[in-house]
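Peer 1: Pasting protein_14.pdb below, which is PDB, N, CA and C atoms, pLDDT in the B column.
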ATOM      1  N   MET P 252     181.264  58.623  -7.154  1.00 47.00           N
ATOM      2  CA  MET P 252     180.311  57.560  -7.396  1.00 47.00           C
ATOM      3  C   MET P 252     180.933  56.236  -6.951  1.00 47.00           C
ATOM      4  N   THR P 253     180.208  55.457  -6.173  1.00 50.00           N
ATOM      5  CA  THR P 253     180.720  54.172  -5.699  1.00 50.00           C
ATOM      6  C   THR P 253     180.053  53.043  -6.473  1.00 50.00           C
ATOM      7  N   ALA P 254     180.771  51.959  -6.580  1.00 51.00           N
ATOM      8  CA  ALA P 254     180.254  50.798  -7.295  1.00 51.00           C
ATOM      9  C   ALA P 254     179.179  50.110  -6.456  1.00 51.00           C
ATOM     10  N   ALA P 255     178.177  49.567  -7.121  1.00 48.00           N
ATOM     11  CA  ALA P 255     177.114  48.832  -6.433  1.00 48.00           C
ATOM     12  C   ALA P 255     177.688  47.537  -5.878  1.00 48.00           C
ATOM     13  N   PRO P 256     177.264  47.118  -4.697  1.00 50.00           N
ATOM     14  CA  PRO P 256     177.778  45.864  -4.146  1.00 50.00           C
ATOM     15  C   PRO P 256     177.329  44.686  -4.992  1.00 50.00           C
ATOM     16  N   ARG P 257     178.218  43.732  -5.135  1.00 52.00           N
ATOM     17  CA  ARG P 257     177.911  42.535  -5.912  1.00 52.00           C
ATOM     18  C   ARG P 257     177.175  41.533  -5.039  1.00 52.00           C
ATOM     19  N   PRO P 258     176.284  40.716  -5.637  1.00 47.00           N
ATOM     20  CA  PRO P 258     175.614  39.693  -4.841  1.00 47.00           C
ATOM     21  C   PRO P 258     176.631  38.678  -4.323  1.00 47.00           C
ATOM     22  N   GLU P 259     176.343  38.137  -3.177  1.00 50.00           N
ATOM     23  CA  GLU P 259     177.250  37.161  -2.570  1.00 50.00           C
ATOM     24  C   GLU P 259     177.252  35.886  -3.409  1.00 50.00           C
ATOM     25  N   ARG P 260     178.437  35.412  -3.748  1.00 56.00           N
ATOM     26  CA  ARG P 260     178.584  34.173  -4.523  1.00 56.00           C
ATOM     27  C   ARG P 260     179.110  33.089  -3.602  1.00 56.00           C
ATOM     28  N   ARG P 261     178.557  31.909  -3.734  1.00 56.00           N
ATOM     29  CA  ARG P 261     179.005  30.778  -2.938  1.00 56.00           C
ATOM     30  C   ARG P 261     179.653  29.759  -3.852  1.00 56.00           C
ATOM     31  N   SER P 262     180.546  28.984  -3.287  1.00 60.00           N
ATOM     32  CA  SER P 262     181.164  27.923  -4.079  1.00 60.00           C
ATOM     33  C   SER P 262     180.106  26.855  -4.368  1.00 60.00           C
ATOM     34  N   PRO P 263     180.274  26.081  -5.445  1.00 58.00           N
ATOM     35  CA  PRO P 263     179.303  25.028  -5.753  1.00 58.00           C
ATOM     36  C   PRO P 263     179.122  24.038  -4.608  1.00 58.00           C
ATOM     37  N   ASP P 264     180.187  23.752  -3.849  1.00 58.00           N
ATOM     38  CA  ASP P 264     180.066  22.829  -2.717  1.00 58.00           C
ATOM     39  C   ASP P 264     179.159  23.411  -1.638  1.00 58.00           C
ATOM     40  N   GLU P 265     179.306  24.703  -1.355  1.00 57.00           N
ATOM     41  CA  GLU P 265     178.457  25.340  -0.350  1.00 57.00           C
ATOM     42  C   GLU P 265     177.011  25.401  -0.823  1.00 57.00           C
ATOM     43  N   ALA P 266     176.803  25.719  -2.081  1.00 52.00           N
ATOM     44  CA  ALA P 266     175.451  25.814  -2.629  1.00 52.00           C
ATOM     45  C   ALA P 266     174.771  24.445  -2.635  1.00 52.00           C
ATOM     46  N   ALA P 267     175.527  23.381  -2.874  1.00 54.00           N
ATOM     47  CA  ALA P 267     174.952  22.037  -2.949  1.00 54.00           C
ATOM     48  C   ALA P 267     174.488  21.541  -1.586  1.00 54.00           C
ATOM     49  N   THR P 268     175.043  22.063  -0.504  1.00 57.00           N
ATOM     50  CA  THR P 268     174.657  21.598   0.819  1.00 57.00           C
ATOM     51  C   THR P 268     173.399  22.277   1.330  1.00 57.00           C
ATOM     52  N   GLU P 269     172.978  23.363   0.698  1.00 69.00           N
ATOM     53  CA  GLU P 269     171.775  24.057   1.117  1.00 69.00           C
ATOM     54  C   GLU P 269     170.556  23.440   0.449  1.00 69.00           C
ATOM     55  N   HIS P 270     169.408  23.613   1.081  1.00 81.00           N
ATOM     56  CA  HIS P 270     168.165  23.142   0.483  1.00 81.00           C
ATOM     57  C   HIS P 270     167.707  24.132  -0.572  1.00 81.00           C
ATOM     58  N   PRO P 271     167.122  23.647  -1.659  1.00 84.00           N
ATOM     59  CA  PRO P 271     166.618  24.564  -2.676  1.00 84.00           C
ATOM     60  C   PRO P 271     165.441  25.373  -2.129  1.00 84.00           C
ATOM     61  N   GLU P 272     165.281  26.571  -2.656  1.00 90.00           N
ATOM     62  CA  GLU P 272     164.186  27.446  -2.246  1.00 90.00           C
ATOM     63  C   GLU P 272     163.087  27.379  -3.299  1.00 90.00           C
ATOM     64  N   ILE P 273     161.834  27.188  -2.881  1.00 93.00           N
ATOM     65  CA  ILE P 273     160.706  27.205  -3.804  1.00 93.00           C
ATOM     66  C   ILE P 273     160.330  28.666  -4.030  1.00 93.00           C
ATOM     67  N   THR P 274     160.305  29.070  -5.294  1.00 93.00           N
ATOM     68  CA  THR P 274     159.986  30.445  -5.662  1.00 93.00           C
ATOM     69  C   THR P 274     158.806  30.438  -6.629  1.00 93.00           C
ATOM     70  N   TYR P 275     158.092  31.568  -6.713  1.00 95.00           N
ATOM     71  CA  TYR P 275     156.895  31.681  -7.552  1.00 95.00           C
ATOM     72  C   TYR P 275     157.017  32.873  -8.483  1.00 95.00           C
ATOM     73  N   ILE P 276     156.427  32.741  -9.677  1.00 93.00           N
ATOM     74  CA  ILE P 276     156.442  33.814 -10.662  1.00 93.00           C
ATOM     75  C   ILE P 276     155.246  33.603 -11.602  1.00 93.00           C
ATOM     76  N   GLY P 277     154.806  34.683 -12.233  1.00 94.00           N
ATOM     77  CA  GLY P 277     153.812  34.572 -13.289  1.00 94.00           C
ATOM     78  C   GLY P 277     154.518  34.190 -14.578  1.00 94.00           C
ATOM     79  N   CYS P 278     153.992  33.221 -15.296  1.00 94.00           N
ATOM     80  CA  CYS P 278     154.601  32.777 -16.551  1.00 94.00           C
ATOM     81  C   CYS P 278     154.739  33.957 -17.502  1.00 94.00           C
ATOM     82  N   ALA P 279     155.888  34.069 -18.140  1.00 91.00           N
ATOM     83  CA  ALA P 279     156.156  35.173 -19.058  1.00 91.00           C
ATOM     84  C   ALA P 279     155.309  35.076 -20.324  1.00 91.00           C
ATOM     85  N   ARG P 280     154.812  33.891 -20.653  1.00 94.00           N
ATOM     86  CA  ARG P 280     154.030  33.721 -21.874  1.00 94.00           C
ATOM     87  C   ARG P 280     152.519  33.779 -21.612  1.00 94.00           C
ATOM     88  N   CYS P 281     152.017  33.006 -20.633  1.00 95.00           N
ATOM     89  CA  CYS P 281     150.562  32.921 -20.446  1.00 95.00           C
ATOM     90  C   CYS P 281     150.063  33.518 -19.129  1.00 95.00           C
ATOM     91  N   GLY P 282     150.965  33.869 -18.207  1.00 93.00           N
ATOM     92  CA  GLY P 282     150.571  34.507 -16.956  1.00 93.00           C
ATOM     93  C   GLY P 282     150.193  33.566 -15.827  1.00 93.00           C
ATOM     94  N   THR P 283     150.196  32.269 -16.064  1.00 95.00           N
ATOM     95  CA  THR P 283     149.874  31.298 -15.020  1.00 95.00           C
ATOM     96  C   THR P 283     150.885  31.396 -13.889  1.00 95.00           C
ATOM     97  N   LEU P 284     150.422  31.343 -12.633  1.00 96.00           N
ATOM     98  CA  LEU P 284     151.338  31.338 -11.494  1.00 96.00           C
ATOM     99  C   LEU P 284     152.034  29.986 -11.444  1.00 96.00           C
ATOM    100  N   ILE P 285     153.364  29.990 -11.502  1.00 95.00           N
ATOM    101  CA  ILE P 285     154.134  28.743 -11.485  1.00 95.00           C
ATOM    102  C   ILE P 285     155.169  28.792 -10.370  1.00 95.00           C
ATOM    103  N   ALA P 286     155.512  27.621  -9.879  1.00 95.00           N
ATOM    104  CA  ALA P 286     156.535  27.488  -8.854  1.00 95.00           C
ATOM    105  C   ALA P 286     157.783  26.913  -9.490  1.00 95.00           C
ATOM    106  N   GLY P 287     158.920  27.273  -8.927  1.00 94.00           N
ATOM    107  CA  GLY P 287     160.181  26.740  -9.416  1.00 94.00           C
ATOM    108  C   GLY P 287     161.155  26.566  -8.270  1.00 94.00           C
ATOM    109  N   LEU P 288     162.298  26.006  -8.556  1.00 91.00           N
ATOM    110  CA  LEU P 288     163.348  25.847  -7.561  1.00 91.00           C
ATOM    111  C   LEU P 288     164.465  26.839  -7.853  1.00 91.00           C
ATOM    112  N   ASP P 289     164.744  27.690  -6.886  1.00 91.00           N
ATOM    113  CA  ASP P 289     165.838  28.660  -6.990  1.00 91.00           C
ATOM    114  C   ASP P 289     165.764  29.523  -8.242  1.00 91.00           C
ATOM    115  N   GLY P 290     164.561  29.933  -8.629  1.00 92.00           N
ATOM    116  CA  GLY P 290     164.411  30.845  -9.754  1.00 92.00           C
ATOM    117  C   GLY P 290     164.447  30.199 -11.121  1.00 92.00           C
ATOM    118  N   ARG P 291     164.320  28.894 -11.185  1.00 93.00           N
ATOM    119  CA  ARG P 291     164.268  28.194 -12.469  1.00 93.00           C
ATOM    120  C   ARG P 291     162.851  27.658 -12.640  1.00 93.00           C
ATOM    121  N   TYR P 292     162.229  28.022 -13.752  1.00 95.00           N
ATOM    122  CA  TYR P 292     160.807  27.743 -13.928  1.00 95.00           C
ATOM    123  C   TYR P 292     160.508  27.028 -15.234  1.00 95.00           C
ATOM    124  N   ALA P 293     159.417  26.255 -15.235  1.00 95.00           N
ATOM    125  CA  ALA P 293     158.862  25.628 -16.427  1.00 95.00           C
ATOM    126  C   ALA P 293     157.346  25.631 -16.256  1.00 95.00           C
ATOM    127  N   CYS P 294     156.626  26.192 -17.222  1.00 96.00           N
ATOM    128  CA  CYS P 294     155.165  26.291 -17.150  1.00 96.00           C
ATOM    129  C   CYS P 294     154.532  25.040 -17.747  1.00 96.00           C
ATOM    130  N   SER P 295     153.684  24.377 -16.966  1.00 94.00           N
ATOM    131  CA  SER P 295     153.001  23.184 -17.468  1.00 94.00           C
ATOM    132  C   SER P 295     151.821  23.553 -18.362  1.00 94.00           C
ATOM    133  N   GLY P 296     151.390  24.816 -18.331  1.00 93.00           N
ATOM    134  CA  GLY P 296     150.261  25.238 -19.145  1.00 93.00           C
ATOM    135  C   GLY P 296     150.630  25.463 -20.602  1.00 93.00           C
ATOM    136  N   CYS P 297     151.728  26.200 -20.849  1.00 96.00           N
ATOM    137  CA  CYS P 297     152.080  26.549 -22.226  1.00 96.00           C
ATOM    138  C   CYS P 297     153.456  26.047 -22.657  1.00 96.00           C
ATOM    139  N   GLY P 298     154.248  25.522 -21.711  1.00 95.00           N
ATOM    140  CA  GLY P 298     155.552  24.974 -22.060  1.00 95.00           C
ATOM    141  C   GLY P 298     156.713  25.952 -21.976  1.00 95.00           C
ATOM    142  N   TRP P 299     156.443  27.206 -21.531  1.00 95.00           N
ATOM    143  CA  TRP P 299     157.518  28.194 -21.414  1.00 95.00           C
ATOM    144  C   TRP P 299     158.511  27.752 -20.343  1.00 95.00           C
ATOM    145  N   VAL P 300     159.800  27.941 -20.609  1.00 95.00           N
ATOM    146  CA  VAL P 300     160.873  27.625 -19.666  1.00 95.00           C
ATOM    147  C   VAL P 300     161.832  28.805 -19.652  1.00 95.00           C
ATOM    148  N   ASN P 301     162.250  29.251 -18.457  1.00 93.00           N
ATOM    149  CA  ASN P 301     163.221  30.340 -18.421  1.00 93.00           C
ATOM    150  C   ASN P 301     164.638  29.797 -18.586  1.00 93.00           C
ATOM    151  N   GLU P 302     165.544  30.674 -18.955  1.00 92.00           N
ATOM    152  CA  GLU P 302     166.954  30.317 -19.162  1.00 92.00           C
ATOM    153  C   GLU P 302     167.560  29.828 -17.845  1.00 92.00           C
ATOM    154  N   TRP P 303     168.300  28.737 -17.864  1.00 87.00           N
ATOM    155  CA  TRP P 303     168.852  28.163 -16.632  1.00 87.00           C
ATOM    156  C   TRP P 303     169.786  29.132 -15.917  1.00 87.00           C
ATOM    157  N   THR P 304     170.406  30.057 -16.651  1.00 88.00           N
ATOM    158  CA  THR P 304     171.329  31.010 -16.020  1.00 88.00           C
ATOM    159  C   THR P 304     170.601  32.061 -15.201  1.00 88.00           C
ATOM    160  N   GLU P 305     169.286  32.148 -15.293  1.00 89.00           N
ATOM    161  CA  GLU P 305     168.510  33.123 -14.526  1.00 89.00           C
ATOM    162  C   GLU P 305     168.239  32.662 -13.097  1.00 89.00           C
ATOM    163  N   GLY P 306     168.708  31.477 -12.724  1.00 88.00           N
ATOM    164  CA  GLY P 306     168.498  30.971 -11.375  1.00 88.00           C
ATOM    165  C   GLY P 306     169.187  31.829 -10.331  1.00 88.00           C
ATOM    166  N   HIS P 307     168.784  31.651  -9.073  1.00 87.00           N
ATOM    167  CA  HIS P 307     169.304  32.462  -7.977  1.00 87.00           C
ATOM    168  C   HIS P 307     170.696  32.071  -7.518  1.00 87.00           C
ATOM    169  N   ARG P 308     171.123  30.858  -7.815  1.00 87.00           N
ATOM    170  CA  ARG P 308     172.469  30.408  -7.454  1.00 87.00           C
ATOM    171  C   ARG P 308     172.921  29.366  -8.465  1.00 87.00           C
ATOM    172  N   PRO P 309     174.209  29.071  -8.510  1.00 84.00           N
ATOM    173  CA  PRO P 309     174.700  28.114  -9.507  1.00 84.00           C
ATOM    174  C   PRO P 309     174.138  26.717  -9.280  1.00 84.00           C
ATOM    175  N   LEU P 310     174.001  25.984 -10.355  1.00 78.00           N
ATOM    176  CA  LEU P 310     173.555  24.600 -10.249  1.00 78.00           C
ATOM    177  C   LEU P 310     174.668  23.756  -9.641  1.00 78.00           C
ATOM    178  N   PRO P 311     174.308  22.711  -8.889  1.00 75.00           N
ATOM    179  CA  PRO P 311     175.353  21.841  -8.345  1.00 75.00           C
ATOM    180  C   PRO P 311     176.043  21.083  -9.466  1.00 75.00           C
ATOM    181  N   GLU P 312     177.314  20.821  -9.274  1.00 78.00           N
ATOM    182  CA  GLU P 312     178.071  20.070 -10.270  1.00 78.00           C
ATOM    183  C   GLU P 312     177.886  18.582 -10.036  1.00 78.00           C
ATOM    184  N   ALA P 313     178.083  17.797 -11.091  1.00 76.00           N
ATOM    185  CA  ALA P 313     177.993  16.347 -10.961  1.00 76.00           C
ATOM    186  C   ALA P 313     179.104  15.878 -10.038  1.00 76.00           C
ATOM    187  N   ARG P 314     178.799  14.927  -9.219  1.00 75.00           N
ATOM    188  CA  ARG P 314     179.792  14.400  -8.278  1.00 75.00           C
ATOM    189  C   ARG P 314     180.386  13.123  -8.840  1.00 75.00           C
ATOM    190  N   GLN P 315     181.627  12.863  -8.464  1.00 65.00           N
ATOM    191  CA  GLN P 315     182.299  11.636  -8.882  1.00 65.00           C
ATOM    192  C   GLN P 315     181.626  10.446  -8.215  1.00 65.00           C
ATOM    193  N   ARG P 316     181.484   9.372  -8.964  1.00 65.00           N
ATOM    194  CA  ARG P 316     180.938   8.154  -8.376  1.00 65.00           C
ATOM    195  C   ARG P 316     181.969   7.551  -7.439  1.00 65.00           C
ATOM    196  N   ARG P 317     181.488   6.932  -6.394  1.00 64.00           N
ATOM    197  CA  ARG P 317     182.404   6.259  -5.476  1.00 64.00           C
ATOM    198  C   ARG P 317     183.079   5.102  -6.197  1.00 64.00           C
ATOM    199  N   SER P 318     184.280   4.789  -5.815  1.00 62.00           N
ATOM    200  CA  SER P 318     185.031   3.731  -6.487  1.00 62.00           C
ATOM    201  C   SER P 318     184.309   2.383  -6.384  1.00 62.00           C
ATOM    202  N   ALA P 319     183.619   2.109  -5.289  1.00 57.00           N
ATOM    203  CA  ALA P 319     182.866   0.856  -5.146  1.00 57.00           C
ATOM    204  C   ALA P 319     181.738   0.786  -6.166  1.00 57.00           C
ATOM    205  N   ASP P 320     181.062   1.911  -6.413  1.00 56.00           N
ATOM    206  CA  ASP P 320     179.989   1.942  -7.414  1.00 56.00           C
ATOM    207  C   ASP P 320     180.566   1.701  -8.807  1.00 56.00           C
ATOM    208  N   ALA P 321     181.688   2.304  -9.110  1.00 56.00           N
ATOM    209  CA  ALA P 321     182.311   2.145 -10.426  1.00 56.00           C
ATOM    210  C   ALA P 321     182.765   0.708 -10.634  1.00 56.00           C
ATOM    211  N   THR P 322     183.288   0.083  -9.593  1.00 58.00           N
ATOM    212  CA  THR P 322     183.765  -1.282  -9.690  1.00 58.00           C
ATOM    213  C   THR P 322     182.598  -2.237  -9.938  1.00 58.00           C
ATOM    214  N   SER P 323     181.492  -2.082  -9.231  1.00 58.00           N
ATOM    215  CA  SER P 323     180.343  -2.969  -9.420  1.00 58.00           C
ATOM    216  C   SER P 323     179.698  -2.759 -10.787  1.00 58.00           C
ATOM    217  N   ALA P 324     179.742  -1.548 -11.319  1.00 58.00           N
ATOM    218  CA  ALA P 324     179.188  -1.279 -12.647  1.00 58.00           C
ATOM    219  C   ALA P 324     180.048  -1.932 -13.726  1.00 58.00           C
ATOM    220  N   ASP P 325     181.357  -1.993 -13.498  1.00 58.00           N
ATOM    221  CA  ASP P 325     182.247  -2.602 -14.482  1.00 58.00           C
ATOM    222  C   ASP P 325     182.064  -4.108 -14.551  1.00 58.00           C
ATOM    223  N   THR P 326     181.710  -4.735 -13.439  1.00 60.00           N
ATOM    224  CA  THR P 326     181.582  -6.188 -13.399  1.00 60.00           C
ATOM    225  C   THR P 326     180.199  -6.651 -13.792  1.00 60.00           C
ATOM    226  N   ALA P 327     179.232  -5.752 -13.850  1.00 57.00           N
ATOM    227  CA  ALA P 327     177.841  -6.143 -14.149  1.00 57.00           C
ATOM    228  C   ALA P 327     177.621  -6.400 -15.614  1.00 57.00           C
TER     229      ALA P 327
END
Please express what this file holds, its structure, as structure tokens.
Peer 2:
Amino acid sequence: MTAAPRPERRSPDEAATEHPEITYIGCARCGTLIAGLDGRYACSGCGWVNEWTEGHRPLPEARQRRSADATSADTA
């Protein structure tokens, strides 16, 4: 018996450079067809939201602010 191949994982930097994919699903609560980004959904009809970990790829990480932005924020 051989192990099933694992899905390809990308680093957060690689994932952040790609455009998000619009995906569609029927709401798990009310059945309304809803669109989401990369497998993350929120239904405007009933308020159902899927778990963020169910997305198709990792969320991008917060980026460090540029030093010029930090300096101007400190003086404001």
Peer 1: So which residues touch P:Arg280 within 12 Å, counting only C-alpha atoms, skipping near sequence neighbours fewer than 2 positions away, as a list in words?
Peer 2: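 Listed by chain and then number, they are Ile276, Gly277, Cys278, Gly282, Thr283, Leu284, Ile285, Ala293, Cys294, Ser295, Gly296, Cys297, Gly298, Trp299, Val300 and Asn301 of chain P.
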Peer 1: Tell me which residues the PyMOL selection byres (((chain P and resi 286 and name CA) around 6) and name CA) grabs here, as a count of residues only.
Peer 2: 4
Peer 1: Could you jot down the atom N of P:Glu272 to atom C of P:Leu288 separation for me, Å, one decimal place?
Peer 2: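 Pair atom N of P:Glu272 / atom C of P:Leu288 returns 5.3 Å.
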Peer 1: Any chance you could resolve the PyMOL selection byres ((chain P and resi 290) around 5) against this file and give the residues as a short mmCIF file (atom, residue, chain, number, x, y, z; two decimals) with N, CA and C atoms, in the frame of the given file?
Peer 2:
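Listing of selection_18.cif after writing:
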data_model
loop_
_atom_site.label_atom_id
_atom_site.label_comp_id
_atom_site.auth_asym_id
_atom_site.auth_seq_id
_atom_site.Cartn_x
_atom_site.Cartn_y
_atom_site.Cartn_z
N GLY P 287 158.92 27.27 -8.93
CA GLY P 287 160.18 26.74 -9.42
C GLY P 287 161.16 26.57 -8.27
N LEU P 288 162.30 26.01 -8.56
CA LEU P 288 163.35 25.85 -7.56
C LEU P 288 164.46 26.84 -7.85
N ASP P 289 164.74 27.69 -6.89
CA ASP P 289 165.84 28.66 -6.99
C ASP P 289 165.76 29.52 -8.24
N ARG P 291 164.32 28.89 -11.18
CA ARG P 291 164.27 28.19 -12.47
C ARG P 291 162.85 27.66 -12.64
N TYR P 292 162.23 28.02 -13.75
CA TYR P 292 160.81 27.74 -13.93
C TYR P 292 160.51 27.03 -15.23
N GLU P 305 169.29 32.15 -15.29
CA GLU P 305 168.51 33.12 -14.53
C GLU P 305 168.24 32.66 -13.10
N GLY P 306 168.71 31.48 -12.72
CA GLY P 306 168.50 30.97 -11.38
C GLY P 306 169.19 31.83 -10.33
N HIS P 307 168.78 31.65 -9.07
CA HIS P 307 169.30 32.46 -7.98
C HIS P 307 170.70 32.07 -7.52
#
